[in-house]
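Report on the following structure.
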Amino acid sequence: MTEIRTTLSNPLEVEADALVVAVYQDAERLDASARAVDEATGGLISGWLASGRMRGSLEETALLPAAGALRAPLLIVTGLGGHAEVDGQALRRAAARAARAARQAGALRLASTLYGAFLGDDLAAGAIVEGTLLGLDRFLTYKGRDQGEPRRPDPELFLLLAEPAREAAVRRAEVLARATLLARQLSNEPANQLPPRRMAERAQAVAAEAGLEFLALDEREMERLGMGALLGVNRGSHEPPRLLVLRYRCGRPDAPLLALVGKGIVFDSGGISLKPAAGMHEMKMDKSGAADVVAAMQAIAALRPAVDVIGVAPVTENMPGGGAQRPGDVVRAMNGTTIEVLNTDAEGRLVLADAVAYAAREGARWIVTVATLTGAVVTALGHEAAAVLGNDRRLIEAVIEAGQSAGERYWELPAWPEYRRLYRSEVADLANVAPRDAGAGTIVGGLFVGEFVGEAAWAHLDVAGTAWVEKPTALTESGATGFATRTLALLPERLAALL
């Protein structure tokens with residue numbers, strides 16, 4: 001695992017295998033660190049730019065031998081685009097590219113200047129740490145041997161700070177990034193390796209290490225509580241379900257409670273309403289919401305916000321076994337609401353119904369649900385943003401602001417009462433899907449979940465378009481992204497500030 005170290009060393013004197021500096025696309029192309037390195041190397045960077053082989057755009061990276069002028073024999077020059085374009089996400093992407101380039105070059109010690117400092121030193125330091133850790137992440141759990149090119153080890157990062165005060169920002173960013181890596185790991189795990197009972201074991205280990213309280217309800221306890229919606233989804237699987245509860249207490253007896261509730265379908269076949277075979281192997285990622293919640297709770301324990309937080313994750317498979325629920329079945333949720341199951345592939349909202357009712361019973365003032373809930377959100381927003389909707393303006397704004405700090409985008413969808421008529425049932429209180437021609441699939445799915453929050457302020461995050469990528473991006477290899485983990489981890493602090 002990549003180590004993050006800090007040092008007050010001058011970039012000209014730091015001992016490393018590679019040194020990262022940044023260049024810009026507009027008139028003033030070198031910041032102070034890059035200028036100092038350029039002068040020490042006889043114009044190596046400026047000469048490279050003058051040659052036209054690099055413009056300084058955000059997607060560019062160049063490796064230049066320092067030819068003995070520095071204690072770091074290799075320069076990694078990353079583009080940041082124009083000064084006006086630079087934000088935390090640009091720094092994350094640049095740091096990720098630089099870290100991957102260092103690994104490819106065989107560098108074991110990577111030093112990075114605090115470029116982009118005009119954003120604020122804390123923001124820049126945090127973004128570089130997050131980008132480095134996220135960019136180096138690879139899911140290699142089941143890779144027993146190298147395929148072709150030898151597997152190169154990850155470098156450790158030496159972040160050059162101007163003053164010791166930045167150390168706190170570095171460690172905070174490390175907490176957030178490592179939580180995202182945990183979410184990715186859990187989401188990427190195959191269903192046969194991480195069935196609900198093993199997901200519970202992993203979550204319990206996280207809770208024990210972080211100092212969180214932990215509880216896992218089994219099917220007998222769910223039956224006692226009347227969680228017919230969750231149990232109905234599980235009926236087609238031979239693997240019993242679990243409801244995971246991780247609890248953080250801030251130490252204030254009167255502290256309000258935030259509940260983070262994440263969908264945990266460890267594999268989604270669609271049930272009797274079977275999904276097409278093409279791409280079904282990716283449905284191990286349908287537990288991404290639960291993975292986000294477990295990982296965010298790990299970070300929350302370290303950040304210690306001034307509100308209480310519980311993470312609730314309903315975990316099951318959705319399989320078409322002989323006992324599977326059928327289209328047309330009626331189930332009763334924990335709060336007594338009856339639901340006509342018109343499509344067994346709309347199972348996420350069913351398991352969330354009971355998990356949200358549980359959170360409401362625990363007295364949550366705020367409830368935030370996160371799920372790979374609908375394919376419709378991809379049609380609406382593509383893969384660049386997640387949808388958010390809910391019943392409370394301040395909570396939704398807090399989610400969006402936390403996302404901005406994390407480099408995770410959310411776009412609010414309407415939650416008008418007219419949409420609620422779309423999922424009324426003729427034989428039960430609710431139907432789990434709207435008529436085929438109704439549209440508004442993401443809104444309907446989210447509002448269905450909102451029927452179970454009671455009096456709590458509520459926001460719903462549909463991350464179906466952002467939780468998984470088929471092709472590598474600047475910050476992740478193909479597979480799980482851990483999207484929303486850092487948003488959820490930062491949200492309690494935002495809410496505490498509103499009290």
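Simple scheme: letters A, B, ... for chains in structure tokens order, numbers from 1 for residues in each chain, numbers from 1 for ligands in the order shown.
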Can you list, as an mmCIF file with N, CA and C atoms, in the first residue's frame, every protein, DNA or RNA residue that comes within 8 Å of Pro256 in chain A when you count only C-alpha atoms, leaving out same-chain residues fewer than 4 positions away?
```cif
data_model
loop_
_atom_site.group_PDB
_atom_site.id
_atom_site.type_symbol
_atom_site.label_atom_id
_atom_site.label_comp_id
_atom_site.auth_asym_id
_atom_site.auth_seq_id
_atom_site.Cartn_x
_atom_site.Cartn_y
_atom_site.Cartn_z
ATOM 1 N N VAL A 307 -21.990 15.122 15.149
ATOM 2 C CA VAL A 307 -23.323 14.520 15.119
ATOM 3 C C VAL A 307 -23.154 13.003 15.208
ATOM 4 N N ASP A 308 -24.177 12.322 15.656
ATOM 5 C CA ASP A 308 -24.152 10.862 15.639
ATOM 6 C C ASP A 308 -24.496 10.369 14.237
ATOM 7 N N ALA A 364 -33.580 8.740 13.393
ATOM 8 C CA ALA A 364 -32.724 9.580 12.546
ATOM 9 C C ALA A 364 -33.417 10.900 12.221
ATOM 10 N N ARG A 365 -32.686 11.983 12.400
ATOM 11 C CA ARG A 365 -33.184 13.306 12.001
ATOM 12 C C ARG A 365 -33.025 13.497 10.500
#
```
>> Going by DSSP on the backbone, which residues of range 37-225 of chain A come out as helix (DSSP H, G or I)? List them as an NGL selection string.
In response: :A and (37-40 or 44-50 or 83-85 or 88-104 or 117-119 or 121-136 or 164-188 or 196-210 or 219-225)
>> So, with only C-alpha atoms as the atoms that count, which of A:Arg361, A:Arg394, A:Lys143, A:Arg409 lies closest to Leu495 in chain A?
In response: A:Arg394
> Given the choices A:Ala464, A:Glu239, A:Gly88, A:Gly407, which gets closest to Ala127 in chain A if the distance is worked out from only C-alpha atoms?
Replying inline: A:Gly88
> Hey, what's within 8 Å of Gly446 in chain A if we count only C-alpha atoms and toss same-chain stuff fewer than 2 positions away? As number ranges by chain, please?
Replying inline: A: 349, 389-390, 442-444, 448-450, 460, 462
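Taking CA of Val20 in chain A and CA of Leu110 in chain A as endpoints, the distance between them is 7.5 Å.
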> With only C-alpha atoms as the basis for distance, which of A:Asp218, A:Asp26, A:Glu163, A:Glu362 is at the shortest distance from Asn10 in chain A?
Replying inline: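 Looking at the shortest contact to Asn10 in chain A, the residue is A:Glu163.
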> Of the residues A:Glu174, A:Glu60, A:Glu455, A:Asp345, which is the one nearest to Arg93 in chain A, using only C-alpha atoms?
Replying inline: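 Closest residue, counting only C-alpha atoms: A:Glu60.
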>> I'd like the neighbourhood of range 465-474 of chain A as a list of chain:residue names, where a residue qualifies if any of its atoms comes within 6 Å (using only C-alpha atoms), though same-chain residues fewer than 2 positions away should be ignored.
In response: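 Everything that qualifies: A:Arg93, A:Val378, A:His383, A:Val463, A:Thr476, A:Glu477, A:Ser478, A:Gly479, A:Ala480, A:Thr481, A:Phe483.
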> Quick one, how far is CA of Thr344 in chain A from CA of Ser273 in chain A?
Replying inline: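 Answer for the CA of Thr344 in chain A to CA of Ser273 in chain A separation: 5.4 Å.
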> Separation of CA of Asp254 in chain A and CA of Pro305 in chain A, in Å?
Replying inline: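 Separation between CA of Asp254 in chain A and CA of Pro305 in chain A: 13.9 Å.
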>> For Asn335 in chain A, find every residue with an atom within 7 Å (counting only C-alpha atoms), except residues of its own chain fewer than 2 positions away, and show them as number ranges by chain.
In response: A: 333, 337, 357
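Non-sequential neighbours of Glu85 in chain A (distance at most 12 Å, separation of 3 or more positions within a chain, only C-alpha atoms) are Tyr24, Gln25, Asp26, Gly56, Ser57, Leu58, Gly79, Leu80, Gly81, Gly82, Gly88, Gln89, Ala90, Leu91, Gly116 and Leu119 of chain A.
Distance check against Leu422 in chain A using only C-alpha atoms: of A:Ser405, A:Asp121, A:Gly441, A:Ala306, the minimum falls on A:Gly441.
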Can you list, as a CSV table (one decimal) with all heavy atoms, in the first residue's frame, every protein, DNA or RNA residue that comes within 12 Å of Val170 in chain A when you count only C-alpha atoms, leaving out same-chain residues fewer than 6 positions away?
```csv
chain,number,residue,atom,x,y,z
A,3,GLU,N,2.5,4.6,0.8
A,3,GLU,CA,2.7,5.4,2.0
A,3,GLU,C,2.7,6.9,1.6
A,3,GLU,O,3.3,7.2,0.5
A,3,GLU,CB,4.0,5.0,2.7
A,3,GLU,CG,4.0,3.6,3.3
A,3,GLU,CD,3.0,3.5,4.4
A,3,GLU,OE1,2.8,4.5,5.1
A,3,GLU,OE2,2.5,2.3,4.6
A,4,ILE,N,2.1,7.7,2.4
A,4,ILE,CA,2.1,9.2,2.2
A,4,ILE,C,3.0,9.8,3.3
A,4,ILE,O,2.7,9.7,4.5
A,4,ILE,CB,0.7,9.8,2.3
A,4,ILE,CG1,-0.2,9.0,1.3
A,4,ILE,CG2,0.8,11.3,2.0
A,4,ILE,CD1,0.1,9.2,-0.2
A,5,ARG,N,4.1,10.4,2.8
A,5,ARG,CA,5.0,11.1,3.8
A,5,ARG,C,5.1,12.6,3.4
A,5,ARG,O,4.8,13.0,2.2
A,5,ARG,CB,6.4,10.5,3.7
A,5,ARG,CG,6.4,9.0,4.0
A,5,ARG,CD,7.8,8.4,3.9
A,5,ARG,NE,7.8,6.9,3.9
A,5,ARG,CZ,7.7,6.2,5.0
A,5,ARG,NH1,7.7,6.8,6.2
A,5,ARG,NH2,7.7,4.9,5.0
A,6,THR,N,5.3,13.4,4.4
A,6,THR,CA,5.5,14.8,4.1
A,6,THR,C,6.9,15.3,4.5
A,6,THR,O,7.5,14.7,5.4
A,6,THR,CB,4.4,15.7,4.9
A,6,THR,OG1,4.6,15.4,6.3
A,6,THR,CG2,3.0,15.3,4.5
A,7,THR,N,7.3,16.3,3.8
A,7,THR,CA,8.7,16.9,4.1
A,7,THR,C,8.7,18.3,3.8
A,7,THR,O,7.9,18.8,2.9
A,7,THR,CB,9.7,16.1,3.3
A,7,THR,OG1,11.0,16.8,3.5
A,7,THR,CG2,9.4,16.2,1.8
A,114,LEU,N,3.9,21.3,-4.1
A,114,LEU,CA,2.5,21.7,-3.8
A,114,LEU,C,2.0,22.7,-4.9
A,114,LEU,O,1.7,23.8,-4.6
A,114,LEU,CB,2.5,22.4,-2.4
A,114,LEU,CG,1.1,22.5,-1.8
A,114,LEU,CD1,0.4,21.2,-1.7
A,114,LEU,CD2,1.2,23.1,-0.4
A,121,ASP,N,-3.5,26.1,0.3
A,121,ASP,CA,-2.5,25.0,0.5
A,121,ASP,C,-3.2,23.8,1.0
A,121,ASP,O,-2.8,22.7,0.6
A,121,ASP,CB,-1.4,25.5,1.5
A,121,ASP,CG,-0.4,26.5,0.8
A,121,ASP,OD1,-0.5,26.6,-0.4
A,121,ASP,OD2,0.4,27.0,1.6
A,122,ASP,N,-4.2,23.9,1.9
A,122,ASP,CA,-4.8,22.7,2.4
A,122,ASP,C,-5.6,21.9,1.3
A,122,ASP,O,-5.5,20.7,1.1
A,122,ASP,CB,-5.8,23.0,3.5
A,122,ASP,CG,-5.1,23.3,4.8
A,122,ASP,OD1,-3.9,23.1,4.9
A,122,ASP,OD2,-5.8,23.7,5.8
A,123,LEU,N,-6.3,22.7,0.4
A,123,LEU,CA,-7.0,22.1,-0.7
A,123,LEU,C,-6.0,21.4,-1.6
A,123,LEU,O,-6.3,20.3,-2.1
A,123,LEU,CB,-7.8,23.1,-1.4
A,123,LEU,CG,-8.5,22.6,-2.7
A,123,LEU,CD1,-9.4,21.4,-2.5
A,123,LEU,CD2,-9.3,23.8,-3.4
A,124,ALA,N,-5.0,22.1,-2.0
A,124,ALA,CA,-4.0,21.5,-2.9
A,124,ALA,C,-3.4,20.2,-2.4
A,124,ALA,O,-3.2,19.2,-3.0
A,124,ALA,CB,-2.9,22.5,-3.3
A,125,ALA,N,-2.9,20.3,-1.1
A,125,ALA,CA,-2.3,19.1,-0.5
A,125,ALA,C,-3.2,18.0,-0.4
A,125,ALA,O,-2.9,16.8,-0.8
A,125,ALA,CB,-1.8,19.5,0.9
A,126,GLY,N,-4.5,18.2,0.0
A,126,GLY,CA,-5.5,17.1,0.0
A,126,GLY,C,-5.7,16.5,-1.3
A,126,GLY,O,-5.9,15.3,-1.5
A,127,ALA,N,-5.9,17.4,-2.3
A,127,ALA,CA,-6.2,16.9,-3.7
A,127,ALA,C,-5.1,16.0,-4.2
A,127,ALA,O,-5.3,15.0,-4.9
A,127,ALA,CB,-6.5,18.1,-4.6
A,128,ILE,N,-3.8,16.4,-4.0
A,128,ILE,CA,-2.7,15.6,-4.5
A,128,ILE,C,-2.6,14.3,-3.8
A,128,ILE,O,-2.4,13.2,-4.4
A,128,ILE,CB,-1.4,16.4,-4.2
A,128,ILE,CG1,-1.3,17.6,-5.1
A,128,ILE,CG2,-0.2,15.5,-4.5
A,128,ILE,CD1,-0.2,18.6,-4.7
A,129,VAL,N,-2.9,14.2,-2.5
A,129,VAL,CA,-2.9,13.0,-1.8
A,129,VAL,C,-4.0,12.1,-2.3
A,129,VAL,O,-3.8,10.9,-2.6
A,129,VAL,CB,-3.1,13.2,-0.3
A,129,VAL,CG1,-3.4,11.9,0.5
A,129,VAL,CG2,-1.8,13.9,0.3
A,130,GLU,N,-5.2,12.6,-2.4
A,130,GLU,CA,-6.4,11.8,-2.9
A,130,GLU,C,-6.1,11.3,-4.3
A,130,GLU,O,-6.3,10.1,-4.6
A,130,GLU,CB,-7.6,12.6,-2.9
A,130,GLU,CG,-8.2,12.9,-1.5
A,130,GLU,CD,-9.4,13.7,-1.5
A,130,GLU,OE1,-10.1,13.8,-2.5
A,130,GLU,OE2,-9.8,14.3,-0.4
A,131,GLY,N,-5.6,12.2,-5.2
A,131,GLY,CA,-5.4,11.8,-6.6
A,131,GLY,C,-4.3,10.7,-6.7
A,131,GLY,O,-4.5,9.8,-7.5
A,132,THR,N,-3.3,10.8,-5.9
A,132,THR,CA,-2.2,9.8,-5.9
A,132,THR,C,-2.7,8.5,-5.5
A,132,THR,O,-2.5,7.4,-6.2
A,132,THR,CB,-1.1,10.2,-5.0
A,132,THR,OG1,-0.5,11.5,-5.5
A,132,THR,CG2,0.0,9.2,-5.0
A,133,LEU,N,-3.5,8.4,-4.4
A,133,LEU,CA,-3.9,7.1,-3.9
A,133,LEU,C,-5.0,6.5,-4.8
A,133,LEU,O,-5.0,5.3,-5.1
A,133,LEU,CB,-4.5,7.3,-2.5
A,133,LEU,CG,-3.4,7.6,-1.4
A,133,LEU,CD1,-4.1,7.9,-0.1
A,133,LEU,CD2,-2.5,6.4,-1.3
A,157,LEU,N,4.7,8.4,-1.8
A,157,LEU,CA,4.6,9.8,-2.1
A,157,LEU,C,5.3,10.6,-1.0
A,157,LEU,O,4.9,10.5,0.2
A,157,LEU,CB,3.2,10.2,-2.3
A,157,LEU,CG,3.0,11.7,-2.5
A,157,LEU,CD1,3.6,12.2,-3.8
A,157,LEU,CD2,1.5,12.1,-2.4
A,158,PHE,N,6.2,11.5,-1.4
A,158,PHE,CA,6.8,12.5,-0.5
A,158,PHE,C,6.2,13.8,-0.9
A,158,PHE,O,6.6,14.3,-2.0
A,158,PHE,CB,8.3,12.5,-0.6
A,158,PHE,CG,8.9,11.3,0.1
A,158,PHE,CD1,9.0,10.1,-0.6
A,158,PHE,CD2,9.4,11.4,1.4
A,158,PHE,CE1,9.6,9.0,0.0
A,158,PHE,CE2,10.0,10.3,2.0
A,158,PHE,CZ,10.1,9.1,1.3
A,159,LEU,N,5.3,14.4,-0.1
A,159,LEU,CA,4.7,15.6,-0.5
A,159,LEU,C,5.5,16.8,0.1
A,159,LEU,O,5.7,16.8,1.3
A,159,LEU,CB,3.2,15.6,0.0
A,159,LEU,CG,2.3,16.8,-0.4
A,159,LEU,CD1,2.3,16.9,-1.9
A,159,LEU,CD2,0.9,16.6,0.2
A,160,LEU,N,5.9,17.7,-0.7
A,160,LEU,CA,6.7,18.8,-0.3
A,160,LEU,C,5.8,19.9,0.2
A,160,LEU,O,5.0,20.5,-0.5
A,160,LEU,CB,7.6,19.4,-1.4
A,160,LEU,CG,8.4,18.3,-2.2
A,160,LEU,CD1,9.3,19.0,-3.2
A,160,LEU,CD2,9.2,17.5,-1.2
A,161,LEU,N,5.9,20.2,1.5
A,161,LEU,CA,5.0,21.2,2.1
A,161,LEU,C,5.8,22.5,2.4
A,161,LEU,O,7.0,22.5,2.7
A,161,LEU,CB,4.5,20.7,3.4
A,161,LEU,CG,3.6,19.4,3.4
A,161,LEU,CD1,3.1,19.1,4.8
A,161,LEU,CD2,2.5,19.6,2.4
A,164,PRO,N,4.6,23.1,8.3
A,164,PRO,CA,4.1,21.9,8.9
A,164,PRO,C,2.6,22.0,9.1
A,164,PRO,O,2.0,20.9,9.2
A,164,PRO,CB,4.8,21.9,10.3
A,164,PRO,CG,6.0,22.8,10.1
A,164,PRO,CD,5.6,23.8,9.1
A,176,LEU,N,-9.9,10.1,3.7
A,176,LEU,CA,-11.0,10.0,2.7
A,176,LEU,C,-10.6,9.1,1.5
A,176,LEU,O,-11.5,8.4,1.0
A,176,LEU,CB,-11.3,11.5,2.2
A,176,LEU,CG,-11.8,12.4,3.3
A,176,LEU,CD1,-11.8,13.9,2.7
A,176,LEU,CD2,-13.2,12.0,3.6
A,177,ALA,N,-9.4,9.2,1.1
A,177,ALA,CA,-9.0,8.4,-0.1
A,177,ALA,C,-9.0,6.9,0.3
A,177,ALA,O,-9.5,6.1,-0.5
A,177,ALA,CB,-7.6,8.8,-0.6
```
> Looking at A:Gly120, A:Ala102, A:Ala456, A:Glu408, which one is nearest to Arg166 in chain A, with distances taken over only C-alpha atoms?
Replying inline: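 Using only C-alpha atoms, the shortest distance to Arg166 in chain A belongs to A:Gly120.
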Run DSSP on the backbone of this structure and report the residues of range 266-442 of chain A it assigns to strand (DSSP E or B), as an mmCIF file with N, CA and C atoms, in the first residue's frame.
```cif
data_model
loop_
_atom_site.group_PDB
_atom_site.id
_atom_site.type_symbol
_atom_site.label_atom_id
_atom_site.label_comp_id
_atom_site.auth_asym_id
_atom_site.auth_seq_id
_atom_site.Cartn_x
_atom_site.Cartn_y
_atom_site.Cartn_z
ATOM 1 N N VAL A 266 -25.506 -8.008 -3.507
ATOM 2 C CA VAL A 266 -24.179 -8.534 -3.839
ATOM 3 C C VAL A 266 -24.140 -9.140 -5.242
ATOM 4 N N PHE A 267 -25.297 -9.570 -5.735
ATOM 5 C CA PHE A 267 -25.422 -9.902 -7.150
ATOM 6 C C PHE A 267 -26.884 -9.754 -7.542
ATOM 7 N N ASP A 268 -27.112 -9.094 -8.675
ATOM 8 C CA ASP A 268 -28.470 -8.835 -9.130
ATOM 9 C C ASP A 268 -28.710 -9.500 -10.475
ATOM 10 N N ASP A 308 -24.177 12.322 15.656
ATOM 11 C CA ASP A 308 -24.152 10.862 15.639
ATOM 12 C C ASP A 308 -24.496 10.369 14.237
ATOM 13 N N VAL A 309 -23.937 9.230 13.855
ATOM 14 C CA VAL A 309 -24.170 8.678 12.518
ATOM 15 C C VAL A 309 -24.340 7.162 12.624
ATOM 16 N N ILE A 310 -25.334 6.641 11.923
ATOM 17 C CA ILE A 310 -25.420 5.197 11.727
ATOM 18 C C ILE A 310 -25.369 4.914 10.222
ATOM 19 N N GLY A 311 -24.656 3.858 9.890
ATOM 20 C CA GLY A 311 -24.649 3.352 8.530
ATOM 21 C C GLY A 311 -25.462 2.074 8.489
ATOM 22 N N VAL A 312 -26.439 2.014 7.604
ATOM 23 C CA VAL A 312 -27.334 0.862 7.503
ATOM 24 C C VAL A 312 -27.216 0.291 6.100
ATOM 25 N N ALA A 313 -26.956 -1.010 5.998
ATOM 26 C CA ALA A 313 -26.769 -1.640 4.689
ATOM 27 C C ALA A 313 -27.551 -2.945 4.618
ATOM 28 N N PRO A 314 -28.644 -2.988 3.851
ATOM 29 C CA PRO A 314 -29.353 -4.239 3.618
ATOM 30 C C PRO A 314 -28.613 -5.037 2.545
ATOM 31 N N VAL A 315 -28.195 -6.240 2.865
ATOM 32 C CA VAL A 315 -27.311 -7.008 1.980
ATOM 33 C C VAL A 315 -27.963 -8.348 1.640
ATOM 34 N N THR A 316 -28.123 -8.608 0.346
ATOM 35 C CA THR A 316 -28.710 -9.857 -0.123
ATOM 36 C C THR A 316 -28.353 -10.058 -1.585
ATOM 37 N N GLU A 317 -28.638 -11.244 -2.104
ATOM 38 C CA GLU A 317 -28.637 -11.467 -3.540
ATOM 39 C C GLU A 317 -30.060 -11.311 -4.071
ATOM 40 N N ASN A 318 -30.185 -11.097 -5.378
ATOM 41 C CA ASN A 318 -31.488 -11.126 -6.042
ATOM 42 C C ASN A 318 -31.411 -12.204 -7.112
ATOM 43 N N VAL A 330 -47.346 -9.753 -3.301
ATOM 44 C CA VAL A 330 -47.483 -8.602 -2.402
ATOM 45 C C VAL A 330 -46.682 -8.880 -1.132
ATOM 46 N N VAL A 331 -45.840 -7.930 -0.739
ATOM 47 C CA VAL A 331 -45.043 -8.042 0.480
ATOM 48 C C VAL A 331 -45.381 -6.882 1.403
ATOM 49 N N ARG A 332 -45.087 -7.059 2.678
ATOM 50 C CA ARG A 332 -45.352 -6.014 3.666
ATOM 51 C C ARG A 332 -44.025 -5.546 4.260
ATOM 52 N N THR A 338 -47.885 -2.096 2.382
ATOM 53 C CA THR A 338 -47.901 -3.239 1.476
ATOM 54 C C THR A 338 -47.448 -2.800 0.090
ATOM 55 N N ILE A 339 -46.718 -3.714 -0.580
ATOM 56 C CA ILE A 339 -46.102 -3.390 -1.863
ATOM 57 C C ILE A 339 -46.407 -4.507 -2.857
ATOM 58 N N GLU A 340 -46.977 -4.126 -4.002
ATOM 59 C CA GLU A 340 -47.162 -5.076 -5.091
ATOM 60 C C GLU A 340 -45.884 -5.098 -5.918
ATOM 61 N N TRP A 366 -31.927 12.971 9.973
ATOM 62 C CA TRP A 366 -31.665 13.015 8.536
ATOM 63 C C TRP A 366 -31.433 11.584 8.046
ATOM 64 N N ILE A 367 -31.939 11.270 6.870
ATOM 65 C CA ILE A 367 -31.668 9.986 6.224
ATOM 66 C C ILE A 367 -31.180 10.263 4.812
ATOM 67 N N VAL A 368 -30.054 9.673 4.465
ATOM 68 C CA VAL A 368 -29.514 9.781 3.107
ATOM 69 C C VAL A 368 -29.376 8.374 2.553
ATOM 70 N N THR A 369 -30.046 8.113 1.450
ATOM 71 C CA THR A 369 -29.960 6.805 0.807
ATOM 72 C C THR A 369 -29.056 6.900 -0.419
ATOM 73 N N VAL A 370 -28.279 5.851 -0.646
ATOM 74 C CA VAL A 370 -27.368 5.821 -1.796
ATOM 75 C C VAL A 370 -27.484 4.448 -2.433
ATOM 76 N N ALA A 371 -27.652 4.441 -3.764
ATOM 77 C CA ALA A 371 -27.928 3.167 -4.431
ATOM 78 C C ALA A 371 -27.646 3.271 -5.918
ATOM 79 N N ALA A 386 -24.202 12.040 -10.471
ATOM 80 C CA ALA A 386 -25.264 11.249 -9.856
ATOM 81 C C ALA A 386 -26.482 12.133 -9.651
ATOM 82 N N ALA A 387 -27.638 11.514 -9.556
ATOM 83 C CA ALA A 387 -28.865 12.260 -9.289
ATOM 84 C C ALA A 387 -29.082 12.379 -7.786
ATOM 85 N N VAL A 388 -29.669 13.499 -7.383
ATOM 86 C CA VAL A 388 -30.079 13.672 -5.991
ATOM 87 C C VAL A 388 -31.486 14.241 -5.986
ATOM 88 N N LEU A 389 -32.295 13.738 -5.095
ATOM 89 C CA LEU A 389 -33.633 14.288 -4.866
ATOM 90 C C LEU A 389 -33.993 14.011 -3.417
ATOM 91 N N GLY A 390 -35.040 14.647 -2.942
ATOM 92 C CA GLY A 390 -35.410 14.434 -1.554
ATOM 93 C C GLY A 390 -36.504 15.362 -1.110
ATOM 94 N N TYR A 410 -23.381 16.110 -8.306
ATOM 95 C CA TYR A 410 -24.770 15.687 -8.140
ATOM 96 C C TYR A 410 -25.674 16.693 -8.840
ATOM 97 N N TRP A 411 -26.713 16.169 -9.452
ATOM 98 C CA TRP A 411 -27.678 17.027 -10.129
ATOM 99 C C TRP A 411 -29.054 16.741 -9.546
ATOM 100 N N GLU A 412 -29.709 17.799 -9.073
ATOM 101 C CA GLU A 412 -30.994 17.607 -8.408
ATOM 102 C C GLU A 412 -32.112 17.377 -9.417
ATOM 103 N N ARG A 424 -48.719 4.034 -7.494
ATOM 104 C CA ARG A 424 -49.832 3.526 -6.700
ATOM 105 C C ARG A 424 -50.293 2.198 -7.304
ATOM 106 N N LEU A 430 -48.616 0.379 -2.485
ATOM 107 C CA LEU A 430 -47.674 0.872 -3.481
ATOM 108 C C LEU A 430 -47.354 -0.239 -4.468
ATOM 109 N N ALA A 431 -46.927 0.155 -5.667
ATOM 110 C CA ALA A 431 -46.322 -0.775 -6.626
ATOM 111 C C ALA A 431 -44.847 -0.433 -6.726
#
```
